[in-house]
file upload-v6.cif (mmCIF, C-alpha atoms and all ligand atoms)
data_protein
#
loop_
_atom_site.label_atom_id
_atom_site.label_comp_id
_atom_site.auth_asym_id
_atom_site.auth_seq_id
_atom_site.Cartn_x
_atom_site.Cartn_y
_atom_site.Cartn_z
CA MET A 19 14.11 -9.36 -21.66
CA LYS A 20 10.76 -7.77 -21.13
CA THR A 21 7.83 -10.13 -21.59
CA VAL A 22 4.96 -7.64 -21.76
CA ASN A 23 4.72 -4.77 -24.22
CA LYS A 24 2.27 -2.51 -22.51
CA THR A 25 3.23 -0.94 -19.20
CA PRO A 26 0.26 -1.36 -16.85
CA LEU A 27 -0.53 1.65 -14.74
CA TRP A 28 -2.10 2.80 -11.48
CA PHE A 29 -1.37 5.43 -8.84
CA MET A 30 -1.02 4.91 -5.12
CA ARG A 31 -3.85 6.86 -3.45
CA GLN A 32 -5.57 7.19 -6.82
CA ALA A 33 -8.86 7.54 -4.95
CA GLY A 34 -8.44 10.60 -2.81
CA ARG A 35 -8.41 14.27 -2.08
CA TYR A 36 -7.06 15.54 -5.43
CA LEU A 37 -10.37 14.41 -7.02
CA PRO A 38 -13.35 16.83 -6.71
CA GLU A 39 -15.78 13.90 -6.85
CA TYR A 40 -14.01 12.35 -3.83
CA MET A 41 -14.12 15.67 -1.96
CA LYS A 42 -17.86 15.88 -2.58
CA ILE A 43 -18.54 12.50 -0.96
CA ARG A 44 -16.06 13.32 1.79
CA SER A 45 -17.78 16.61 2.65
CA GLU A 46 -21.07 14.77 3.06
CA ASN A 47 -19.35 12.07 5.18
CA PRO A 48 -17.16 13.63 7.86
CA ASP A 49 -16.38 10.28 9.51
CA PHE A 50 -13.62 8.77 7.32
CA LEU A 51 -13.67 5.38 9.02
CA LYS A 52 -17.43 5.04 8.49
CA LEU A 53 -16.81 5.70 4.82
CA CYS A 54 -14.33 2.81 4.73
CA PHE A 55 -17.08 0.54 6.12
CA ASN A 56 -19.78 1.69 3.68
CA PRO A 57 -19.75 -0.73 0.70
CA ASN A 58 -21.84 1.54 -1.56
CA LEU A 59 -19.73 4.62 -1.05
CA ALA A 60 -16.37 2.84 -0.73
CA SER A 61 -16.92 0.99 -4.01
CA GLU A 62 -18.04 4.22 -5.67
CA ILE A 63 -14.86 5.99 -4.46
CA SER A 64 -12.67 3.09 -5.69
CA LEU A 65 -14.21 3.46 -9.14
CA GLN A 66 -13.95 7.26 -9.37
CA PRO A 67 -10.38 7.32 -10.74
CA ILE A 68 -11.19 4.44 -13.10
CA ARG A 69 -14.05 6.40 -14.67
CA ARG A 70 -11.86 9.43 -15.13
CA PHE A 71 -8.62 7.79 -16.29
CA ASP A 72 -7.69 4.68 -18.21
CA LEU A 73 -6.02 2.77 -15.36
CA ASP A 74 -5.32 -0.96 -15.24
CA PHE A 75 -5.89 -1.51 -11.53
CA ILE A 76 -8.75 -0.73 -9.18
CA ILE A 77 -7.62 -0.46 -5.55
CA LEU A 78 -10.05 -1.05 -2.71
CA PHE A 79 -10.91 2.19 -0.91
CA SER A 80 -10.17 1.59 2.76
CA ASP A 81 -7.25 2.23 5.11
CA ILE A 82 -4.51 0.22 6.81
CA LEU A 83 -5.80 1.45 10.20
CA VAL A 84 -9.02 -0.59 10.03
CA ILE A 85 -6.93 -3.37 11.61
CA PRO A 86 -6.14 -1.58 14.91
CA PHE A 87 -9.79 -0.53 14.90
CA CYS A 88 -11.00 -4.12 14.64
CA LEU A 89 -8.51 -5.10 17.36
CA GLY A 90 -10.38 -2.75 19.68
CA GLN A 91 -8.12 0.32 19.57
CA ASP A 92 -9.78 3.71 19.38
CA VAL A 93 -9.03 5.08 15.87
CA LYS A 94 -10.18 8.47 14.57
CA PHE A 95 -9.28 10.53 11.53
CA LEU A 96 -9.19 14.19 12.47
CA LYS A 97 -9.76 16.91 9.91
CA ASN A 98 -6.48 18.25 8.47
CA HIS A 99 -4.56 16.23 11.02
CA GLY A 100 -4.63 12.59 9.91
CA PRO A 101 -5.14 9.55 12.11
CA SER A 102 -5.38 9.69 15.88
CA LEU A 103 -5.23 6.50 17.96
CA THR A 104 -5.31 6.09 21.73
CA PRO A 105 -1.78 4.71 22.16
CA ILE A 106 -1.31 1.21 23.54
CA PHE A 107 1.61 -0.27 25.46
CA SER A 108 1.10 -4.02 25.25
CA LYS A 109 -1.28 -6.55 23.77
CA LYS A 110 -3.27 -6.42 27.03
CA ASP A 111 -4.44 -2.94 26.03
CA LEU A 112 -6.18 -4.46 23.03
CA ASN A 113 -9.60 -5.94 23.11
CA TYR A 114 -8.47 -8.93 21.03
CA SER A 115 -9.98 -12.25 21.96
CA ASN A 116 -10.25 -14.17 18.74
CA LEU A 117 -9.62 -13.93 15.03
CA LYS A 118 -13.18 -14.63 13.95
CA LYS A 119 -14.67 -11.77 15.97
CA CYS A 120 -12.07 -9.44 14.55
CA LEU A 121 -12.74 -10.48 10.94
CA ASP A 122 -16.48 -10.17 11.48
CA LYS A 123 -15.94 -6.46 12.13
CA LEU A 124 -14.34 -6.19 8.67
CA ALA A 125 -17.26 -7.84 6.87
CA ASN A 126 -18.33 -4.64 5.10
CA ILE A 127 -14.92 -4.32 3.50
CA PHE A 128 -15.36 -7.75 1.93
CA GLU A 129 -18.73 -6.55 0.66
CA THR A 130 -17.04 -3.58 -1.02
CA LEU A 131 -14.67 -5.96 -2.80
CA LYS A 132 -17.58 -8.12 -3.95
CA VAL A 133 -19.26 -5.07 -5.49
CA LEU A 134 -15.99 -4.08 -7.17
CA ASN A 135 -15.42 -7.63 -8.42
CA SER A 136 -18.83 -7.61 -10.10
CA LYS A 137 -17.98 -4.35 -11.88
CA ARG A 138 -14.32 -4.71 -12.69
CA GLY A 139 -14.50 -6.24 -16.17
CA LYS A 140 -10.93 -6.94 -17.25
CA LYS A 141 -9.30 -4.63 -14.70
CA ASN A 142 -7.21 -5.99 -11.86
CA LEU A 143 -8.56 -5.56 -8.35
CA ILE A 144 -6.10 -4.82 -5.55
CA GLY A 145 -6.83 -5.62 -1.93
CA PHE A 146 -4.38 -4.50 0.72
CA CYS A 147 -3.27 -4.27 4.31
CA GLY A 148 -0.53 -2.44 6.16
CA GLY A 149 2.70 -4.26 6.92
CA PRO A 150 2.66 -5.40 10.58
CA PHE A 151 5.48 -3.04 11.62
CA THR A 152 3.85 -0.02 9.93
CA VAL A 153 0.54 -0.72 11.65
CA LEU A 154 2.37 -1.22 14.98
CA ASN A 155 4.06 2.14 14.41
CA TYR A 156 0.67 3.94 14.32
CA MET A 157 -0.63 1.90 17.28
CA ILE A 158 2.31 2.90 19.48
CA GLU A 159 2.84 6.48 18.24
CA GLY A 160 -0.90 7.21 18.33
CA GLY A 161 -0.78 8.83 14.89
CA THR A 162 1.64 10.17 12.33
CA SER A 163 4.97 10.97 13.96
CA LEU A 164 7.99 12.83 12.62
CA SER A 165 10.53 11.49 15.09
CA HIS A 166 9.09 7.98 15.59
CA SER A 167 10.72 8.16 19.01
CA LYS A 168 8.09 6.07 20.81
CA ILE A 169 8.22 3.14 18.39
CA LYS A 170 12.04 3.18 18.29
CA LYS A 171 12.22 3.03 22.11
CA TYR A 172 9.47 0.45 22.24
CA ILE A 173 11.13 -2.08 19.97
CA LYS A 174 14.49 -1.50 21.63
CA TYR A 175 13.42 -1.79 25.28
CA GLN A 176 10.21 -3.83 24.99
CA LYS A 177 11.03 -6.10 22.12
CA LYS A 178 9.14 -9.06 23.56
CA GLU A 179 5.89 -7.07 23.88
CA ALA A 180 6.42 -5.55 20.44
CA LEU A 181 6.87 -8.98 18.85
CA GLU A 182 3.71 -10.22 20.59
CA ILE A 183 1.69 -7.49 18.90
CA ILE A 184 3.48 -8.14 15.58
CA ARG A 185 2.37 -11.79 15.95
CA ILE A 186 -1.27 -10.77 16.32
CA LEU A 187 -1.05 -8.31 13.43
CA THR A 188 0.58 -10.90 11.17
CA GLU A 189 -2.08 -13.49 11.97
CA VAL A 190 -4.96 -11.08 11.47
CA SER A 191 -3.45 -9.65 8.26
CA ILE A 192 -3.11 -13.12 6.71
CA GLU A 193 -6.75 -13.99 7.36
CA TYR A 194 -7.87 -10.51 6.32
CA LEU A 195 -6.04 -10.84 2.99
CA LYS A 196 -7.39 -14.35 2.40
CA LYS A 197 -10.94 -13.01 2.81
CA GLN A 198 -10.13 -10.18 0.42
CA ILE A 199 -8.96 -12.74 -2.14
CA GLU A 200 -12.14 -14.78 -1.64
CA SER A 201 -14.11 -11.59 -2.22
CA GLY A 202 -12.48 -10.93 -5.60
CA ALA A 203 -9.04 -9.32 -5.17
CA ASN A 204 -6.56 -10.81 -7.67
CA TYR A 205 -3.65 -8.68 -6.40
CA ILE A 206 -2.77 -7.80 -2.83
CA GLN A 207 -0.39 -5.08 -1.71
CA ILE A 208 1.30 -4.94 1.68
CA PHE A 209 2.10 -1.33 2.59
CA GLU A 210 5.17 -1.51 4.85
CA SER A 211 5.54 2.27 4.61
CA TRP A 212 7.90 2.63 7.59
CA ALA A 213 10.31 -0.22 6.79
CA GLY A 214 13.05 2.40 6.33
CA LEU A 215 13.17 3.12 10.08
CA LEU A 216 14.88 -0.18 10.82
CA GLU A 217 18.29 -1.76 10.22
CA LYS A 218 20.04 -5.11 10.63
CA GLU A 219 18.52 -7.42 13.25
CA GLU A 220 15.47 -5.22 13.78
CA TYR A 221 14.85 -5.10 10.03
CA SER A 222 15.04 -8.87 9.97
CA ASP A 223 12.73 -9.44 12.98
CA PHE A 224 10.14 -6.73 12.30
CA ILE A 225 10.14 -6.43 8.50
CA ILE A 226 11.47 -9.57 6.80
CA LYS A 227 9.98 -12.24 9.10
CA PRO A 228 6.37 -10.99 9.25
CA ASN A 229 6.24 -10.07 5.53
CA LYS A 230 7.71 -13.47 4.65
CA GLU A 231 5.08 -15.24 6.71
CA ILE A 232 2.31 -13.28 4.99
CA SER A 233 3.68 -14.16 1.53
CA VAL A 234 4.09 -17.85 2.35
CA GLU A 235 0.56 -18.16 3.72
CA ILE A 236 -1.03 -16.23 0.86
CA LYS A 237 0.75 -18.29 -1.80
CA LYS A 238 -0.33 -21.49 0.01
CA PHE A 239 -3.89 -20.20 -0.04
CA SER A 240 -3.94 -18.94 -3.63
CA LYS A 241 -1.13 -19.44 -6.14
CA ARG A 242 -2.71 -17.22 -8.77
CA THR A 243 -3.00 -14.14 -6.54
CA LYS A 244 -0.17 -11.68 -7.20
CA ILE A 245 1.62 -10.24 -4.19
CA ILE A 246 2.98 -6.67 -4.27
CA HIS A 247 5.34 -5.75 -1.44
CA PHE A 248 6.11 -2.12 -0.61
CA PRO A 249 8.82 -2.01 2.06
CA ARG A 250 9.28 1.74 1.57
CA GLY A 251 12.64 3.25 2.43
CA SER A 252 14.45 -0.10 2.57
CA GLY A 253 17.50 1.27 0.65
CA ASN A 254 20.23 -1.39 0.67
CA ASN A 255 17.85 -3.76 2.42
CA TYR A 256 15.69 -4.07 -0.72
CA LYS A 257 18.07 -6.80 -1.86
CA ASN A 258 17.74 -8.75 1.40
CA PHE A 259 14.00 -8.25 1.21
CA VAL A 260 13.56 -9.79 -2.25
CA GLU A 261 16.01 -12.60 -1.44
CA GLU A 262 14.00 -13.56 1.65
CA VAL A 263 10.40 -12.60 0.97
CA TYR A 264 8.44 -13.99 -1.96
CA CYS A 265 7.33 -11.07 -4.19
CA ASP A 266 5.56 -11.10 -7.55
CA VAL A 267 5.98 -7.34 -7.60
CA ILE A 268 8.16 -4.97 -5.56
CA SER A 269 7.16 -1.32 -5.30
CA LEU A 270 10.18 1.00 -5.19
CA ASP A 271 10.74 4.48 -3.82
CA GLN A 272 13.56 6.74 -5.07
CA ASN A 273 16.42 5.18 -3.17
CA TYR A 274 17.52 1.64 -4.06
CA PRO A 275 20.89 0.10 -4.98
CA THR A 276 21.67 0.22 -8.72
CA ASP A 277 22.23 -3.53 -9.06
CA LEU A 278 18.77 -4.26 -7.61
CA LEU A 279 17.21 -4.12 -11.10
CA ASN A 280 19.45 -6.97 -12.32
CA LEU A 281 18.50 -9.07 -9.34
CA LEU A 282 14.79 -8.43 -10.03
CA ARG A 283 15.22 -9.50 -13.66
CA LYS A 284 16.98 -12.67 -12.56
CA LYS A 285 14.23 -13.49 -10.07
CA GLU A 286 11.47 -12.45 -12.52
CA ILE A 287 10.06 -9.95 -10.05
CA THR A 288 8.11 -7.05 -11.57
CA VAL A 289 9.12 -3.52 -10.58
CA GLN A 290 6.37 -1.12 -9.55
CA GLY A 291 7.02 2.61 -9.37
CA ASN A 292 8.52 5.06 -9.01
CA LEU A 293 7.62 8.59 -10.13
CA ASP A 294 8.12 10.94 -7.19
CA PRO A 295 4.66 12.40 -6.31
CA GLN A 296 6.36 15.78 -5.72
CA GLU A 297 7.08 15.96 -9.47
CA LEU A 298 3.33 15.91 -10.12
CA LEU A 299 3.06 19.30 -8.42
CA LYS A 300 5.28 20.87 -11.10
CA ASP A 301 4.72 22.06 -14.70
CA THR A 302 3.68 19.70 -17.52
CA ILE A 303 7.10 19.73 -19.17
CA THR A 304 8.72 18.44 -15.99
CA VAL A 305 5.95 15.85 -15.59
CA GLU A 306 6.54 14.62 -19.14
CA GLN A 307 10.29 14.44 -18.68
CA LYS A 308 10.13 12.67 -15.31
CA THR A 309 7.57 10.15 -16.59
CA LYS A 310 9.84 9.31 -19.53
CA GLU A 311 12.79 8.92 -17.18
CA VAL A 312 10.87 6.32 -15.16
CA LEU A 313 9.89 4.42 -18.32
CA GLU A 314 13.49 4.42 -19.54
CA LYS A 315 14.90 3.37 -16.18
CA PHE A 316 12.77 0.22 -16.03
CA LYS A 317 12.56 -0.61 -19.73
CA GLU A 318 14.54 -3.85 -19.31
CA ASN A 319 12.36 -4.99 -16.41
CA ASN A 320 8.76 -6.06 -16.19
CA HIS A 321 7.22 -2.84 -14.99
CA ILE A 322 3.99 -1.55 -13.49
CA PHE A 323 4.02 2.24 -13.65
CA ASN A 324 3.22 3.92 -10.34
CA LEU A 325 4.45 6.57 -7.92
CA SER A 326 7.01 6.15 -5.16
CA HIS A 327 4.34 7.13 -2.59
CA GLY A 328 0.73 8.37 -2.63
CA ILE A 329 -0.64 11.17 -4.84
CA LEU A 330 -0.55 14.48 -2.97
CA PRO A 331 -3.85 16.34 -2.45
CA LYS A 332 -2.68 19.41 -4.43
CA THR A 333 -1.94 17.39 -7.58
CA LYS A 334 -3.59 18.77 -10.70
CA ILE A 335 -5.75 16.33 -12.64
CA SER A 336 -4.20 17.59 -15.88
CA ASN A 337 -0.82 16.31 -14.66
CA ILE A 338 -2.21 12.82 -14.08
CA GLU A 339 -3.66 12.94 -17.60
CA LYS A 340 -0.26 13.99 -18.89
CA VAL A 341 1.47 11.00 -17.29
CA ILE A 342 -1.04 8.64 -18.90
CA LYS A 343 -0.62 10.29 -22.31
CA VAL A 344 3.18 10.06 -22.14
CA ILE A 345 3.02 6.35 -21.24
CA LYS A 346 0.65 5.65 -24.16
CA GLU A 347 2.85 7.54 -26.62
CA TYR A 348 5.96 5.81 -25.32
CA GLU A 349 4.32 2.41 -25.96
CA THR A 350 3.37 3.22 -29.54
CA SER A 351 6.76 4.75 -30.37
CA LYS A 352 8.60 1.49 -29.55
O1 LIG B 401 -4.64 4.06 -2.73
C1 LIG B 401 -5.87 4.20 -2.65
O2 LIG B 401 -6.52 4.98 -3.35
C2 LIG B 401 -6.62 3.28 -1.69
C3 LIG B 401 -6.94 3.76 -0.39
C4 LIG B 401 -5.89 3.95 0.68
C5 LIG B 401 -6.01 4.95 1.69
N1 LIG B 401 -5.01 4.79 2.59
C6 LIG B 401 -7.07 5.96 1.76
C7 LIG B 401 -6.88 7.17 2.57
C8 LIG B 401 -4.73 3.23 0.97
C9 LIG B 401 -4.10 2.09 0.20
C10 LIG B 401 -4.19 3.75 2.19
C11 LIG B 401 -2.99 3.20 2.83
C12 LIG B 401 -2.44 3.88 4.01
N2 LIG B 401 -3.11 4.51 5.02
C13 LIG B 401 -1.06 3.88 4.34
C14 LIG B 401 0.04 3.22 3.54
C15 LIG B 401 0.49 4.03 2.39
C16 LIG B 401 1.21 5.27 2.76
O3 LIG B 401 0.66 6.35 2.42
O4 LIG B 401 2.30 5.19 3.33
C17 LIG B 401 -0.92 4.59 5.54
C18 LIG B 401 0.39 4.86 6.27
C19 LIG B 401 -2.22 4.99 5.97
C20 LIG B 401 -2.59 5.71 7.22
C21 LIG B 401 -3.22 7.02 6.91
N3 LIG B 401 -4.47 7.17 6.36
C22 LIG B 401 -2.68 8.31 7.11
C23 LIG B 401 -1.30 8.58 7.70
C24 LIG B 401 -3.62 9.22 6.69
C25 LIG B 401 -3.54 10.73 6.81
C26 LIG B 401 -2.63 11.31 5.82
C27 LIG B 401 -3.31 11.46 4.49
O5 LIG B 401 -2.69 11.11 3.48
O6 LIG B 401 -4.42 11.97 4.48
C28 LIG B 401 -4.74 8.49 6.19
C29 LIG B 401 -5.99 9.04 5.61
C30 LIG B 401 -6.42 8.55 4.27
N4 LIG B 401 -6.36 7.27 3.83
C31 LIG B 401 -7.02 9.35 3.24
C32 LIG B 401 -7.31 8.48 2.17
C33 LIG B 401 -8.01 8.82 0.89
C34 LIG B 401 -7.35 10.83 3.35
C35 LIG B 401 -8.51 10.94 4.24
C36 LIG B 401 -9.33 12.19 3.98
O7 LIG B 401 -10.17 12.17 3.07
O8 LIG B 401 -9.17 13.16 4.74
#

call {"tool": "encode", "arguments": {"input": "upload-v6.cif", "output": "structure tokens"}}
result
Amino acid sequence: MKTVNKTPLWFMRQAGRYLPEYMKIRSENPDFLKLCFNPNLASEISLQPIRRFDLDFIILFSDILVIPFCLGQDVKFLKNHGPSLTPIFSKKDLNYSNLKKCLDKLANIFETLKVLNSKRGKKNLIGFCGGPFTVLNYMIEGGTSLSHSKIKKYIKYQKKEALEIIRILTEVSIEYLKKQIESGANYIQIFESWAGLLEKEEYSDFIIKPNKEISVEIKKFSKRTKIIHFPRGSGNNYKNFVEEVYCDVISLDQNYPTDLLNLLRKKEITVQGNLDPQELLKDTITVEQKTKEVLEKFKENNHIFNLSHGILPKTKISNIEKVIKVIKEYETSK
């Protein structure tokens, strides 16, 4: 049975381009990465959706690609194009000498979290990183790719080199998350957005093993910190994932096996999700109906309401407000 009455709520990419107040700061700051390293502005952006909506979680404003940047890779965010990285081929192409130097480059992000921690009141504060495979994907592809052909070839024909970079990313991510926890994050989310590209042995070596290591080390470091995993697109592998990797919360997309919810109840893992962000581009009646469907679907589970992926830039603010209203009404009608 459910142990909480109220369904807590946040939206992936809640700080972002659908908000006019974000667009204002963004237009005055064309360098996205610089914005991620500016504690005043990054904390302000993190709080923008909180001021507008009654959300239960503040998420750090940053990006998963600050890690390749601190490893010495050239990372840029091009207007209307997304990230652009100078592709690498092996760990030798990185300028990575030691962990401390790398974390020093991320110091401003810890400052942002400290500001947020001082202002968060009773709200939860989420720190995050990319899953090692997802970050590797961008490092090898050099940006967003439709075919993912380079990364697929890379892990097939240069598995040893790929696993060497995964090792570095796992190590850096663990220390990065620990520092985020020390700076005030009480939740951490690991965005393994491209987990769905892999199957069988590759899923085990590139998704399960590194995510498991991160969970183990974070729990050793801080028992009270909640870990949210988001191995997007895992499909039937969601079950293997939660059997192998410690999760306090698992974030789901649209496609998961029906008996997964029973398994999550048995293991007392909270479900996060899973309104399709595409639905938020439609009319209010659809938004209302789809929000209710999500609440119904997870009513027997511990549930954090969220989307199955990030909010799309064209989303109307009135539709976000509608979702929140429907959740509130659903709570009081029970
Ligand atoms: O959720 C939040 O509000 C916190 C901030 C956050 C951003 N990126 C800000 C951002 C988080 C948690 C991320 C995670 C992230 N970044 C992921 C994992 C989640 C996912 O979407 O799968 C990935 C793969 C990235 C890499 C990335 N960053 C891409 C592919 C892009 C371009 C596409 C896009 O959505 O714009 C970004 C840019 C980015 N990261 C923006 C924001 C607000 C837009 C930048 C802009 O203002 O132009």

call {"tool": "residues_near_ligand", "arguments": {"input": "upload-v6.cif", "ligand": "ligand LIG 401 (chain B)", "cutoff": "6 Å", "atoms": "all atoms listed in the file", "output": "ChimeraX atom specification"}}
result
/A:30-35,77-82,100-101,162,209,211,328

call {"tool": "atom_distance", "arguments": {"input": "upload-v6.cif", "atom1": "atom CA of A:Trp28", "atom2": "atom CA of A:Ile245"}}
result
15.4 Å

call {"tool": "atom_distance", "arguments": {"input": "upload-v6.cif", "atom1": "atom CA of A:Phe323", "atom2": "atom CA of A:Lys284"}}
result
19.8 Å

call {"tool": "residues_around", "arguments": {"input": "upload-v6.cif", "residues": "stretch 290-299 of chain A", "least_positions_apart": "3", "cutoff": "10 Å", "atoms": "only C-alpha atoms", "output": "MDAnalysis selection string"}}
result
chainID A and resid 26:30 246:248 267:273 287 302 304:313 315:316 319:338 340:341

call {"tool": "residues_around", "arguments": {"input": "upload-v6.cif", "residues": "A:Asp74", "least_positions_apart": "2", "cutoff": "9 Å", "atoms": "all atoms listed in the file", "output": "ChimeraX atom specification"}}
result
/A:26-28,68,72,76,140-143

call {"tool": "atom_distance", "arguments": {"input": "upload-v6.cif", "atom1": "atom CA of A:Ser165", "atom2": "atom CA of A:Leu278"}}
result
28.8 Å

call {"tool": "closest_residue", "arguments": {"input": "upload-v6.cif", "among": "A:Ile183, A:Ile85, A:Leu215, A:Ile144", "to": "A:Pro228", "atoms": "all atoms listed in the file"}}
result
A:Ile183

call {"tool": "closest_residue", "arguments": {"input": "upload-v6.cif", "among": "A:Asn58, A:Ser136, A:Gln66, A:Asn255", "to": "A:Tyr36", "atoms": "only C-alpha atoms"}}
result
A:Gln66

call {"tool": "residues_around", "arguments": {"input": "upload-v6.cif", "residues": "A:Ile232", "least_positions_apart": "3", "cutoff": "12 Å", "atoms": "only C-alpha atoms", "output": "PyMOL selection string"}}
result
chain A and resi 146-150+184-185+187-196+206-208+225-229+235-239+245-247+263-265

call {"tool": "build_atoms", "arguments": {"input": "upload-v6.cif", "residues": "stretch 168-184 of chain A", "atoms": "N, CA and C atoms", "output": "PDB file, in the frame of the given file"}}
result
ATOM      1  N   LYS A 168       8.746   7.063  19.942  1.00  0.00           N
ATOM      2  CA  LYS A 168       8.090   6.070  20.810  1.00  0.00           C
ATOM      3  C   LYS A 168       8.306   4.649  20.266  1.00  0.00           C
ATOM      4  N   ILE A 169       8.095   4.494  18.947  1.00  0.00           N
ATOM      5  CA  ILE A 169       8.220   3.140  18.390  1.00  0.00           C
ATOM      6  C   ILE A 169       9.676   2.660  18.461  1.00  0.00           C
ATOM      7  N   LYS A 170      10.622   3.580  18.246  1.00  0.00           N
ATOM      8  CA  LYS A 170      12.040   3.180  18.290  1.00  0.00           C
ATOM      9  C   LYS A 170      12.400   2.690  19.698  1.00  0.00           C
ATOM     10  N   LYS A 171      11.961   3.446  20.720  1.00  0.00           N
ATOM     11  CA  LYS A 171      12.220   3.030  22.110  1.00  0.00           C
ATOM     12  C   LYS A 171      11.512   1.716  22.410  1.00  0.00           C
ATOM     13  N   TYR A 172      10.288   1.629  21.930  1.00  0.00           N
ATOM     14  CA  TYR A 172       9.470   0.450  22.240  1.00  0.00           C
ATOM     15  C   TYR A 172      10.125  -0.832  21.741  1.00  0.00           C
ATOM     16  N   ILE A 173      10.571  -0.825  20.471  1.00  0.00           N
ATOM     17  CA  ILE A 173      11.130  -2.080  19.970  1.00  0.00           C
ATOM     18  C   ILE A 173      12.525  -2.358  20.536  1.00  0.00           C
ATOM     19  N   LYS A 174      13.172  -1.296  21.025  1.00  0.00           N
ATOM     20  CA  LYS A 174      14.490  -1.500  21.630  1.00  0.00           C
ATOM     21  C   LYS A 174      14.365  -2.053  23.054  1.00  0.00           C
ATOM     22  N   TYR A 175      13.490  -1.431  23.857  1.00  0.00           N
ATOM     23  CA  TYR A 175      13.420  -1.790  25.280  1.00  0.00           C
ATOM     24  C   TYR A 175      12.287  -2.760  25.612  1.00  0.00           C
ATOM     25  N   GLN A 176      11.307  -2.884  24.719  1.00  0.00           N
ATOM     26  CA  GLN A 176      10.210  -3.830  24.990  1.00  0.00           C
ATOM     27  C   GLN A 176       9.982  -4.725  23.785  1.00  0.00           C
ATOM     28  N   LYS A 177      11.079  -5.301  23.349  1.00  0.00           N
ATOM     29  CA  LYS A 177      11.030  -6.100  22.120  1.00  0.00           C
ATOM     30  C   LYS A 177      10.043  -7.265  22.226  1.00  0.00           C
ATOM     31  N   LYS A 178      10.012  -7.892  23.402  1.00  0.00           N
ATOM     32  CA  LYS A 178       9.140  -9.060  23.560  1.00  0.00           C
ATOM     33  C   LYS A 178       7.674  -8.642  23.359  1.00  0.00           C
ATOM     34  N   GLU A 179       7.267  -7.564  24.022  1.00  0.00           N
ATOM     35  CA  GLU A 179       5.890  -7.070  23.880  1.00  0.00           C
ATOM     36  C   GLU A 179       5.614  -6.666  22.425  1.00  0.00           C
ATOM     37  N   ALA A 180       6.599  -6.005  21.827  1.00  0.00           N
ATOM     38  CA  ALA A 180       6.420  -5.550  20.440  1.00  0.00           C
ATOM     39  C   ALA A 180       6.202  -6.752  19.516  1.00  0.00           C
ATOM     40  N   LEU A 181       7.006  -7.803  19.721  1.00  0.00           N
ATOM     41  CA  LEU A 181       6.870  -8.980  18.850  1.00  0.00           C
ATOM     42  C   LEU A 181       5.551  -9.712  19.101  1.00  0.00           C
ATOM     43  N   GLU A 182       5.021  -9.600  20.327  1.00  0.00           N
ATOM     44  CA  GLU A 182       3.710 -10.220  20.590  1.00  0.00           C
ATOM     45  C   GLU A 182       2.618  -9.516  19.781  1.00  0.00           C
ATOM     46  N   ILE A 183       2.712  -8.207  19.696  1.00  0.00           N
ATOM     47  CA  ILE A 183       1.690  -7.490  18.900  1.00  0.00           C
ATOM     48  C   ILE A 183       1.913  -7.760  17.410  1.00  0.00           C
ATOM     49  N   ILE A 184       3.170  -7.809  16.988  1.00  0.00           N
ATOM     50  CA  ILE A 184       3.480  -8.140  15.580  1.00  0.00           C
ATOM     51  C   ILE A 184       2.864  -9.509  15.230  1.00  0.00           C
TER      52      ILE A 184
END
